[in-house]
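Chemist: Submitted below is the structure of interest, expressed as structure tokens.
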Amino acid sequence: MSVNNAYIEEVDRYLRGDMSREERAEFEAQIEKNPELKELHEFTRDTQAALEINELGALKQQLQQTEDRLRKKNNRYPWVKIAASLLIVITLGFVIYQFSKPNYDQLYDEYYRPYPNIVSPTNRSSEQNSLDAYQLLERGETDKALTKLYATSVANDTVTFYLGQALLAKGKYEEAIAKFKSIAPQSTFFEPAQWYESLAYLQTDDQEKLLLKLDQIINSQSSYAQRAKKIKEGL
């Protein structure tokens, strides 16, 4: 491998944030010591800045300006211009990929709303020490709600569904999915369980199961079908 190719790979690693703190410091020091590579140092810095503000248009413009500056330099180090061109291609490909990826967290935040407490809604006169698991969950006291739900001697779809709700709120997505999947089709909670299962998949890396679940909801024509369709369109 030539020195030039090795350097290009190092710049690529730098841009992607794959270097350790020590490697980054060493690499930046190396660039600063070499005047002919100063343009490339500025290129990486400006590219990172454009990435941070999340403006693809501004990044493309910055890359083009950098390439134009490098083309006007003398030809003592032609490989620098070649490296810049390669980095432009690499960086644009990486950034376009990042911009084209669905933002699962954003979709989750947009569509997730806790399911209402339809079992025993709280009222102003409810005392703290008399609250049941559903009332605690309604108030956002998830840990206490989980303790009571796990301690209940009754095993039915209501308990299972609200356990899934509590686990989802705690970020225990795989456990929540297991609870939602166990809800029987004839249950009152079947449709919402399907919906919240799909939301839980947004927080896992299993896109195949997410798409399958969304299609099931869409095809079922349930009350969640339109929302499932919009999520699918956002992927």
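Identifiers for the structure tokens are assigned positionally: chains receive A, B, ... in sequence, residues are indexed from 1 per chain, and ligands are indexed from 1 in the order shown.
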Find the residues near range 186-196 of chain A: any atom within 12 Å, counting only C-alpha atoms, skip ones fewer than 3 places away on the same chain, and give them as a PyMOL selection string.
Modeler: chain A and resi 108+111-116+118-119+156-169+173-174+176-183+199-203+209-210+212-218+220-229+231
Chemist: Measure the distance from CA of Thr204 in chain A to CA of Asp143 in chain A in Å and round it to one decimal.
Modeler: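 It comes out at 22.0 Å.
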Chemist: With only C-alpha atoms as the atoms that count, which of A:Leu107, A:Ala145, A:Leu131, A:Ala155 lies nearest to Gly234 in chain A?
Modeler: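 Using only C-alpha atoms, Gly234 in chain A sits closest to A:Leu107.
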Chemist: My list of candidates is A:Phe27, A:Lys33, A:Arg139, A:Asn103. Which is closest to Asn117 in chain A when distances are computed with only C-alpha atoms?
Modeler: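 The shortest atom-to-atom distance to Asn117 in chain A comes from A:Arg139.
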Chemist: In Å to one decimal, how far is CA of Pro185 in chain A from CA of Lys148 in chain A?
Modeler: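 Rounded to one decimal, the two atoms are 25.6 Å apart.
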Chemist: Of the candidates A:Ala133, A:Lys230, A:Tyr104, A:Glu28, which shows the shortest atom-to-atom distance to Asp205 in chain A, using only C-alpha atoms?
Modeler: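 The answer is A:Tyr104, which sits nearest to Asp205 in chain A.
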